[in-house]
Every structure is written in C-alpha cells, then in structure tokens.
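For reference, entry.cif is printed below; it contains mmCIF, C-alpha atoms.
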```cif
data_model
loop_
_atom_site.label_atom_id
_atom_site.label_comp_id
_atom_site.auth_asym_id
_atom_site.auth_seq_id
_atom_site.Cartn_x
_atom_site.Cartn_y
_atom_site.Cartn_z
CA MET A 1107 85.78 97.91 80.49
CA LEU A 1108 83.90 99.70 83.25
CA GLY A 1109 85.89 102.11 85.42
CA ILE A 1110 84.51 103.27 88.78
CA ASP A 1111 85.96 106.10 90.87
CA PRO A 1112 83.96 105.55 94.08
CA GLY A 1113 82.51 108.46 96.00
CA LEU A 1114 79.39 109.15 97.99
CA THR A 1115 78.46 112.58 96.60
CA ARG A 1116 79.86 111.95 93.11
CA CYS A 1117 80.79 108.45 91.98
CA GLY A 1118 82.61 108.57 88.64
CA ILE A 1119 81.68 105.78 86.22
CA ALA A 1120 82.81 105.24 82.66
CA ALA A 1121 82.86 102.57 79.98
CA VAL A 1122 85.71 102.30 77.50
CA ASP A 1123 85.75 99.91 74.57
CA GLY A 1124 88.90 98.41 73.06
CA SER A 1125 91.98 96.42 73.86
CA ILE A 1126 95.67 97.01 74.31
CA GLY A 1127 97.51 97.99 71.11
CA ARG A 1128 94.29 99.11 69.40
CA PRO A 1129 92.44 102.45 69.48
CA LEU A 1130 90.15 102.87 72.47
CA SER A 1131 86.73 104.48 72.30
CA LEU A 1132 84.55 106.02 74.97
CA VAL A 1133 81.17 104.35 75.43
CA GLY A 1134 80.08 106.80 78.09
CA ALA A 1135 81.16 108.59 81.25
CA ASP A 1136 79.18 110.21 84.02
CA ALA A 1137 79.08 110.82 87.75
CA LEU A 1138 76.41 109.16 89.86
CA ARG A 1139 75.28 111.74 92.37
CA THR A 1140 73.57 111.37 95.73
CA SER A 1141 72.32 114.18 97.90
CA PRO A 1142 74.24 114.94 101.11
CA ASP A 1143 70.79 115.56 102.63
CA ALA A 1144 69.66 111.97 102.08
CA ASP A 1145 70.46 109.37 104.73
CA LEU A 1146 73.48 107.12 104.25
CA PRO A 1147 71.72 103.81 103.47
CA GLN A 1148 69.60 105.53 100.79
CA ARG A 1149 72.68 107.18 99.27
CA LEU A 1150 74.52 103.86 99.09
CA LEU A 1151 71.43 102.23 97.60
CA GLY A 1152 71.31 104.99 94.96
CA ILE A 1153 74.94 104.28 94.05
CA GLU A 1154 74.25 100.55 93.85
CA ARG A 1155 71.31 101.11 91.52
CA GLY A 1156 73.31 103.50 89.35
CA ILE A 1157 76.18 101.01 88.99
CA GLU A 1158 73.77 98.17 88.22
CA GLU A 1159 72.08 100.23 85.48
CA TRP A 1160 75.49 100.87 83.93
CA ILE A 1161 76.45 97.20 84.09
CA ASP A 1162 73.11 96.21 82.51
CA ARG A 1163 73.53 98.79 79.77
CA VAL A 1164 77.18 98.42 78.78
CA ARG A 1165 77.70 94.74 79.73
CA PRO A 1166 81.40 95.09 80.59
CA ASP A 1167 83.88 92.18 80.53
CA ALA A 1168 85.57 93.47 83.65
CA VAL A 1169 85.39 96.28 86.21
CA ALA A 1170 88.24 98.47 87.45
CA VAL A 1171 87.69 100.21 90.79
CA GLU A 1172 89.91 102.84 92.36
CA ARG A 1173 91.67 101.56 95.46
CA VAL A 1174 90.84 103.70 98.48
CA PHE A 1175 93.41 104.53 101.14
CA ALA A 1176 92.67 105.44 104.72
CA GLN A 1177 95.51 107.96 104.84
CA HIS A 1178 94.00 110.96 103.06
CA ASN A 1179 90.72 112.88 103.26
CA LEU A 1180 89.64 111.51 106.61
CA SER A 1181 86.33 113.38 106.42
CA THR A 1182 85.16 111.68 103.23
CA VAL A 1183 87.12 108.43 103.30
CA MET A 1184 84.45 106.40 105.07
CA GLY A 1185 81.79 107.24 102.48
CA THR A 1186 84.28 106.57 99.71
CA ALA A 1187 85.20 103.20 101.23
CA GLN A 1188 81.54 102.25 101.58
CA ALA A 1189 80.84 103.26 97.96
CA SER A 1190 83.85 101.22 96.81
CA GLY A 1191 82.52 98.21 98.73
CA ILE A 1192 79.22 98.57 96.86
CA ALA A 1193 81.05 98.76 93.52
CA LEU A 1194 83.08 95.61 94.30
CA VAL A 1195 79.98 93.66 95.31
CA CYS A 1196 78.01 94.79 92.24
CA ALA A 1197 80.77 93.35 90.04
CA ALA A 1198 81.31 90.19 92.12
CA ARG A 1199 77.58 89.45 92.19
CA ARG A 1200 77.58 89.21 88.39
CA GLY A 1201 80.77 87.18 88.27
CA LEU A 1202 82.71 90.01 86.62
CA PRO A 1203 86.45 90.12 87.26
CA VAL A 1204 87.38 93.15 89.33
CA ALA A 1205 90.71 94.93 89.51
CA LEU A 1206 91.77 97.61 91.96
CA HIS A 1207 94.18 100.33 90.83
CA THR A 1208 95.52 103.19 92.89
CA PRO A 1209 95.03 106.77 91.68
CA SER A 1210 98.81 106.93 91.05
CA GLU A 1211 98.71 103.82 88.88
CA ALA A 1212 95.89 105.27 86.79
CA LYS A 1213 97.63 108.64 86.43
CA ALA A 1214 100.95 107.01 85.55
CA ALA A 1215 99.32 104.78 82.95
CA ILE A 1216 97.67 107.77 81.26
CA THR A 1217 100.18 110.60 81.67
CA GLY A 1218 103.46 108.90 82.51
CA SER A 1219 103.44 110.49 85.97
CA GLY A 1220 101.75 109.18 89.11
CA ARG A 1221 101.52 112.75 90.38
CA ALA A 1222 99.78 114.33 87.38
CA ASP A 1223 97.04 116.82 88.22
CA LYS A 1224 93.37 116.54 87.23
CA ALA A 1225 93.78 118.83 84.20
CA GLN A 1226 96.63 116.72 82.84
CA VAL A 1227 94.65 113.49 83.32
CA GLY A 1228 91.66 115.07 81.56
CA THR A 1229 93.81 116.26 78.65
CA MET A 1230 95.40 112.84 78.14
CA VAL A 1231 92.06 111.01 78.48
CA ALA A 1232 90.65 113.25 75.72
CA ARG A 1233 93.74 112.71 73.54
CA ILE A 1234 93.72 108.91 73.95
CA LEU A 1235 90.03 108.66 73.14
CA GLY A 1236 90.02 111.28 70.36
CA LEU A 1237 87.61 113.58 72.19
CA ASP A 1238 87.38 117.35 71.69
CA SER A 1239 87.43 117.94 75.44
CA PRO A 1240 87.88 115.90 78.65
CA PRO A 1241 84.81 114.11 80.05
CA ARG A 1242 83.06 116.13 82.76
CA PRO A 1243 82.89 116.21 85.72
CA ALA A 1244 86.43 115.38 86.84
CA ASP A 1245 85.16 112.22 88.61
CA ALA A 1246 83.93 110.91 85.25
CA ALA A 1247 87.36 111.61 83.70
CA ASP A 1248 89.01 109.77 86.61
CA ALA A 1249 86.78 106.76 85.97
CA VAL A 1250 87.76 106.83 82.28
CA ALA A 1251 91.45 106.99 83.25
CA LEU A 1252 90.93 103.97 85.50
CA ALA A 1253 89.28 101.98 82.71
CA ILE A 1254 92.10 102.84 80.27
CA CYS A 1255 94.70 102.01 82.93
CA HIS A 1256 93.13 98.60 83.42
CA ILE A 1257 92.88 97.82 79.71
CA TRP A 1258 96.57 98.65 79.30
CA ARG A 1259 97.85 97.09 82.51
CA GLY A 1260 95.39 94.19 82.34
CA GLY A 1261 96.55 93.52 78.81
CA ALA A 1262 100.15 93.35 80.00
CA GLN A 1263 99.20 91.12 82.93
CA ALA A 1264 97.19 88.85 80.64
CA ARG A 1265 100.19 88.50 78.30
CA VAL A 1266 102.46 87.60 81.21
CA ALA A 1267 99.92 85.04 82.43
CA GLN A 1268 99.62 83.64 78.89
CA ALA A 1269 103.41 83.42 78.53
CA GLN A 1270 103.63 81.59 81.87
CA GLN A 1271 100.92 79.15 80.77
CA ASP A 1272 102.67 78.58 77.44
CA PHE A 1273 105.95 77.92 79.23
CA ALA A 1274 104.31 75.51 81.70
CA ARG A 1275 102.73 73.63 78.78
CA LYS A 1276 106.06 73.35 76.98
CA VAL A 1277 107.72 72.06 80.17
CA GLU A 1278 104.91 69.52 80.57
CA LEU A 1279 105.19 68.43 76.91
CA ALA A 1280 108.98 68.10 77.26
CA ARG A 1281 108.50 66.04 80.44
CA ARG A 1282 106.04 63.73 78.68
CA ALA A 1283 108.36 63.45 75.65
CA ARG A 1284 111.19 62.33 77.95
CA GLY A 1285 108.81 59.87 79.67
CA ARG A 1286 108.06 58.08 76.38
CA MET B 315 65.95 93.69 115.69
CA LEU B 316 69.04 92.74 113.72
CA GLY B 317 72.39 94.05 114.98
CA ILE B 318 75.45 94.05 112.71
CA ASP B 319 79.01 94.69 113.86
CA PRO B 320 80.68 95.05 110.45
CA GLY B 321 84.04 93.46 109.76
CA LEU B 322 85.75 91.79 106.85
CA THR B 323 87.27 88.77 108.61
CA ARG B 324 84.51 88.42 111.22
CA CYS B 325 81.22 90.30 110.82
CA GLY B 326 79.13 89.99 113.98
CA ILE B 327 75.42 89.53 113.40
CA ALA B 328 72.64 88.93 115.91
CA ALA B 329 68.88 89.01 116.19
CA VAL B 330 67.13 90.05 119.40
CA ASP B 331 63.40 89.88 119.94
CA GLY B 332 61.45 92.19 122.21
CA SER B 333 60.69 95.78 122.96
CA ILE B 334 61.63 98.38 125.52
CA GLY B 335 60.28 97.73 129.01
CA ARG B 336 59.77 94.03 128.30
CA PRO B 337 62.16 91.07 128.55
CA LEU B 338 64.38 90.62 125.52
CA SER B 339 65.26 87.25 124.03
CA LEU B 340 68.09 86.17 121.77
CA VAL B 341 66.99 84.74 118.42
CA GLY B 342 70.55 84.00 117.35
CA ALA B 343 74.06 85.41 117.15
CA ASP B 344 77.02 84.49 115.02
CA ALA B 345 79.99 85.87 113.15
CA LEU B 346 80.07 85.75 109.34
CA ARG B 347 83.61 84.83 108.39
CA THR B 348 85.51 85.37 105.18
CA SER B 349 88.97 84.10 104.42
CA PRO B 350 91.80 86.65 104.30
CA ASP B 351 93.11 84.54 101.38
CA ALA B 352 90.04 85.22 99.22
CA ASP B 353 90.01 88.35 97.06
CA LEU B 354 88.20 91.43 98.35
CA PRO B 355 85.15 91.40 96.03
CA GLN B 356 84.46 87.75 96.90
CA ARG B 357 84.80 88.45 100.62
CA LEU B 358 82.35 91.36 100.42
CA LEU B 359 79.98 89.21 98.38
CA GLY B 360 80.20 86.51 101.07
CA ILE B 361 79.25 89.07 103.72
CA GLU B 362 76.36 90.33 101.60
CA ARG B 363 75.02 86.79 101.17
CA GLY B 364 75.40 86.05 104.86
CA ILE B 365 73.50 89.19 105.86
CA GLU B 366 70.75 88.48 103.32
CA GLU B 367 70.31 84.94 104.65
CA TRP B 368 69.91 86.35 108.17
CA ILE B 369 67.38 88.95 106.99
CA ASP B 370 65.41 86.26 105.14
CA ARG B 371 65.45 83.99 108.17
CA VAL B 372 64.69 86.36 111.05
CA ARG B 373 62.68 89.02 109.12
CA PRO B 374 63.72 91.94 111.34
CA ASP B 375 61.68 95.15 111.70
CA ALA B 376 64.84 97.23 111.70
CA VAL B 377 68.62 96.92 111.47
CA ALA B 378 71.23 98.51 113.76
CA VAL B 379 74.74 98.82 112.32
CA GLU B 380 77.86 99.89 114.20
CA ARG B 381 79.10 103.28 113.05
CA VAL B 382 82.68 103.05 111.79
CA PHE B 383 85.22 105.76 112.45
CA ALA B 384 88.27 106.51 110.36
CA GLN B 385 90.35 107.42 113.42
CA HIS B 386 91.27 103.99 114.79
CA ASN B 387 92.63 100.74 113.36
CA LEU B 388 93.87 102.22 110.08
CA SER B 389 94.92 98.78 108.84
CA THR B 390 91.45 97.26 109.02
CA VAL B 391 89.20 100.31 108.80
CA MET B 392 88.79 100.20 105.02
CA GLY B 393 87.51 96.62 105.04
CA THR B 394 85.26 97.44 107.99
CA ALA B 395 83.88 100.49 106.18
CA GLN B 396 83.23 98.45 103.06
CA ALA B 397 81.48 95.74 105.07
CA SER B 398 79.35 98.40 106.80
CA GLY B 399 78.39 99.82 103.40
CA ILE B 400 77.20 96.36 102.37
CA ALA B 401 75.18 96.00 105.58
CA LEU B 402 73.51 99.40 105.06
CA VAL B 403 72.61 98.59 101.45
CA CYS B 404 71.23 95.15 102.36
CA ALA B 405 68.83 96.83 104.79
CA ALA B 406 67.96 99.78 102.51
CA ARG B 407 67.27 97.44 99.59
CA ARG B 408 64.51 95.75 101.60
CA GLY B 409 63.10 99.03 102.88
CA LEU B 410 64.16 98.26 106.47
CA PRO B 411 64.88 101.24 108.71
CA VAL B 412 68.57 101.40 109.61
CA ALA B 413 70.17 103.04 112.63
CA LEU B 414 73.85 103.63 113.24
CA HIS B 415 75.21 103.51 116.77
CA THR B 416 78.78 104.06 117.87
CA PRO B 417 80.55 101.37 119.90
CA SER B 418 80.44 103.75 122.90
CA GLU B 419 76.68 104.18 122.60
CA ALA B 420 76.18 100.42 122.52
CA LYS B 421 78.51 99.86 125.50
CA ALA B 422 76.89 102.67 127.48
CA ALA B 423 73.40 101.33 126.78
CA ILE B 424 74.35 97.85 128.02
CA THR B 425 76.83 98.49 130.84
CA GLY B 426 76.32 102.14 131.78
CA SER B 427 79.85 102.97 130.59
CA GLY B 428 80.94 103.87 127.05
CA ARG B 429 84.40 102.55 127.86
CA ALA B 430 83.42 99.09 129.11
CA ASP B 431 85.68 96.25 127.92
CA LYS B 432 84.59 93.25 125.88
CA ALA B 433 84.25 90.97 128.91
CA GLN B 434 81.93 93.43 130.64
CA VAL B 435 79.79 93.82 127.51
CA GLY B 436 79.59 90.01 127.18
CA THR B 437 78.60 89.61 130.85
CA MET B 438 75.83 92.21 130.61
CA VAL B 439 74.55 90.85 127.29
CA ALA B 440 74.23 87.40 128.92
CA ARG B 441 72.53 88.88 132.00
CA ILE B 442 70.03 90.95 129.97
CA LEU B 443 69.09 87.99 127.78
CA GLY B 444 69.11 85.40 130.56
CA LEU B 445 71.92 83.36 128.99
CA ASP B 446 74.32 81.09 130.87
CA SER B 447 77.30 82.61 129.06
CA PRO B 448 78.02 85.47 126.63
CA PRO B 449 77.47 84.78 122.92
CA ARG B 450 80.70 83.77 121.14
CA PRO B 451 82.76 85.05 119.40
CA ALA B 452 83.10 88.58 120.80
CA ASP B 453 81.93 90.04 117.47
CA ALA B 454 78.62 88.19 117.89
CA ALA B 455 78.26 89.60 121.43
CA ASP B 456 78.97 93.09 120.07
CA ALA B 457 76.22 92.64 117.48
CA VAL B 458 73.83 91.58 120.25
CA ALA B 459 74.79 94.66 122.30
CA LEU B 460 74.08 96.83 119.26
CA ALA B 461 70.64 95.29 118.76
CA ILE B 462 69.76 95.76 122.46
CA CYS B 463 71.10 99.32 122.35
CA HIS B 464 68.86 100.09 119.41
CA ILE B 465 65.77 98.52 120.95
CA TRP B 466 66.28 100.61 124.09
CA ARG B 467 67.36 103.85 122.42
CA GLY B 468 64.98 103.39 119.49
CA GLY B 469 62.19 102.82 122.00
CA ALA B 470 63.05 106.10 123.71
CA GLN B 471 63.24 107.88 120.37
CA ALA B 472 59.92 106.37 119.30
CA ARG B 473 58.29 107.56 122.56
CA VAL B 474 59.59 111.10 122.00
CA ALA B 475 58.29 111.04 118.41
CA GLN B 476 54.93 109.69 119.66
CA ALA B 477 54.70 112.39 122.36
CA GLN B 478 55.45 115.06 119.75
CA GLN B 479 52.76 113.65 117.46
CA ASP B 480 50.25 113.51 120.34
CA PHE B 481 51.04 117.11 121.27
CA ALA B 482 50.67 118.29 117.66
CA ARG B 483 47.31 116.51 117.44
CA LYS B 484 46.08 118.17 120.66
CA VAL B 485 47.17 121.59 119.36
CA GLU B 486 45.33 120.90 116.10
CA LEU B 487 42.18 119.75 117.95
CA ALA B 488 42.30 122.86 120.18
CA ARG B 489 42.72 125.06 117.09
CA ARG B 490 39.71 123.42 115.45
CA ALA B 491 37.65 123.72 118.66
CA ARG B 492 38.39 127.46 118.76
CA GLY B 493 37.45 127.73 115.05
CA ARG B 494 34.00 126.28 115.70
#
```
Whole structure, structure tokens version:
Amino acid sequence: MLGIDPGLTRCGIAAVDGSIGRPLSLVGADALRTSPDADLPQRLLGIERGIEEWIDRVRPDAVAVERVFAQHNLSTVMGTAQASGIALVCAARRGLPVALHTPSEAKAAITGSGRADKAQVGTMVARILGLDSPPRPADAADAVALAICHIWRGGAQARVAQAQQDFARKVELARRARGR
Amino acid sequence: MLGIDPGLTRCGIAAVDGSIGRPLSLVGADALRTSPDADLPQRLLGIERGIEEWIDRVRPDAVAVERVFAQHNLSTVMGTAQASGIALVCAARRGLPVALHTPSEAKAAITGSGRADKAQVGTMVARILGLDSPPRPADAADAVALAICHIWRGGAQARVAQAQQDFARKVELARRARGR
C-alpha cells in the first residue's frame, strides 16, 4: 500500500506491507522535496517523477492519497491540490485503485481521535509498525498513517463488498432454485 | 501557442498560430469534458490524455495556462487546481515553456478591460481571429483568449529580453574595444 500526503515543498510518501488483522511492516517512507525557487511546472514534474520512482520500486496494489480541502491554508492549498492531482493521475495511469482519505480519517484510524496532533500520530505509527521512532519528517509519518488507514478501512470496505456479493449470489441461487 | 483554461468538467483548450504584430489564426479550440459521475483519478487521467493528444497534434512552441486562485468558487477550485497541475506537468514533461496568466490579464489583453464579461471576450476573440462567431463553449473561447494573451504579452516580454541582451552585448563590445 502506497500512502501519499501531497505537498509542493514536501510530499510525504510511504509504502506499508500487510493486510488487516495481520502485522504491518514499513517498506519505506520519505518526503519528496522540491525547491521553492524552482518554477511551478518543474516542481510538479519533480513530484511526478518521485512518485513514479516509488511506484516502480515498491509496486503497490493500491494508492491512498490525502484528500485536500479548500478551507484551510489558503496560501499553500493550490500547490497541495496540484500535487494531489499529480498523485491521482500517476496511480490512475497505471490502473492502480486509488482511495482518498481525509486527515481526520487517517488520524482516527491510527490514534482513535480525528484531532490527534502530529506527535501522537508519529508515536502510534511507530508502535503499529514496531519502529524505534516515528518516520521523519512528519510528512513521511503522515503518508504512513494514510497507508495504514487505507489498509484497515479498505479491508473493512472489502469485507462489506464481499458480504454483499455473497448475499447477492445466495439470493440469485435461491431464485434459480425456486425457478426449477 | 496552446492555451489551457483548466477545469474538471470542462477544460478549455485552444491552439492559436502567429506572432505579435502579425495576424493570428485559430488552429482549433474545444473543451475536454469529463463526467461528474466518473471517479476523480479517472477524470484527471482523461484530462491528461486529452491535453497530450492536443500537444501531439498541434506541436505548440509554448503553453499558456490560466492561473487558479483559491479565493473564488470554493466548490470547484480543488478540481480546477488539480486539472491545472496536470496541464503544467504535461507541458513540463515535454520541455515546453509554460506561462501562467490570470483571467484578468487575459481579458485585459483581449478587450482592454480585466473585468470584461464572457460575451465581450468571445466577441473580441472572434474579431481578432477573423471568425464569424466566438468559439464554443465559453471555456474554449477562454482558452483562445489565454493563448492570444500569451502571444502578445510573451512577445513584449521577449522583446524586452532581446533588448536587454543587445544592450549587454554592446556593453561587452565597448569594454573589449577599450581593452584593445
């Protein structure tokens, strides 16, 4: 599972291996950086290349991207939105399923509270993955939290979808049985 | 010159041929559309593919993209920002120079007023290009206005850069002449 916390200056990216109900392990976490001095198209291109290198290297089954809201951080939100667009297209181009989770959803999945601070998220990420210390920088830890959130929530969603499919099949079988 | 008015539901795109001080001609103008029912990564991917097809077909020397602001249209601004990020990366990936112009700059370049309405922009676009009627839809006309704006402003900027280069060369020649 690849988690991406989009940003123009620092774009958190992390790969987590595992599935729901089993121990998770960290494949890697980092922040892709672009210089505020570079021009915008080059910065976005740098982020695209960084994400593509990660996808090539870790070959994820799915990608979880943080959902960006227009409400907060007006000064940086446009760059963040553009970076998130790049992340979504990188995944879609390779046919990878993409999920969007809000920061609150990721925090709640990891710490039990949607309003947990960065330190708390870092501590829980380290605990869940059996690390001595939280991944650095904080953007990398956020990307890890997002990946874990998606494995756990995605797992639940997949089970619900499976249960619905099973039910539909039973209904169909019952219908056919009555038809005979 | 390729002009792109980024948007998620309708992304205006237009190619204009010509240079400052000479008649301009319209190569083509259209709006790339994506369905609001499709999921976001697929929509962005559709926009990316549409822009790449245009670049392949018209082989522009440069790309002008409308600058997006966070201030207005909070409901659609995130999708617009993401689409603009895609447009910038498409250009940067091919090494094409990219310029950002605000809607006011484009309107002012075409109509003389930064607060001109859509009808006025359409009328002037048609007049400048010698068309019987404005390009449709309005997003396509906006993309045309952006391309014209960039040809005219870019031409002015290029002349300033050229004059500066000429001046620097004269200074250098004078310096060498004194050295002899």
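Comparing the minimum interatomic distances between His415 (chain B) and each of B:Gly393, B:Gly335, B:Gly468, B:Pro374, counting only C-alpha atoms, we find that B:Gly468 sits nearest.
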| query | For the file shown, what are the residues hit by the PyMOL selection byres ((chain B and resi 359) around 10), laid out as a PyMOL selection string? | reply | (chain A and resi 1191-1192+1194-1199) or (chain B and resi 348+354-358+360-365+397+400)
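Closest approach to chain B among A:Arg1275, A:Arg1173, A:Arg1165, A:His1256 is made by A:Arg1173 (distances from only C-alpha atoms).
Here the PyMOL selection byres ((chain A and resi 1110-1125) around 6) matches the residues Met1107, Leu1108, Gly1109, Ile1126, Arg1128, Leu1130, Ser1131, Leu1132, Val1133, Gly1134, Ala1135, Asp1136, Ala1137, Leu1138, Arg1139, Thr1140, Val1171, Glu1172, Gly1185, Thr1186, Ala1189, Ser1190, Asp1245, Ala1246, Ala1249 and Val1250 of chain A.
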| field | Interatomic distance (Å, one decimal) between CA of Ala376 (chain B) and CA of Ser349 (chain B) | value | 28.4 Å
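Closest approach to chain A among B:Ile369, B:Ala378, B:Met392, B:Leu410: B:Met392, based on all atoms listed in the file.
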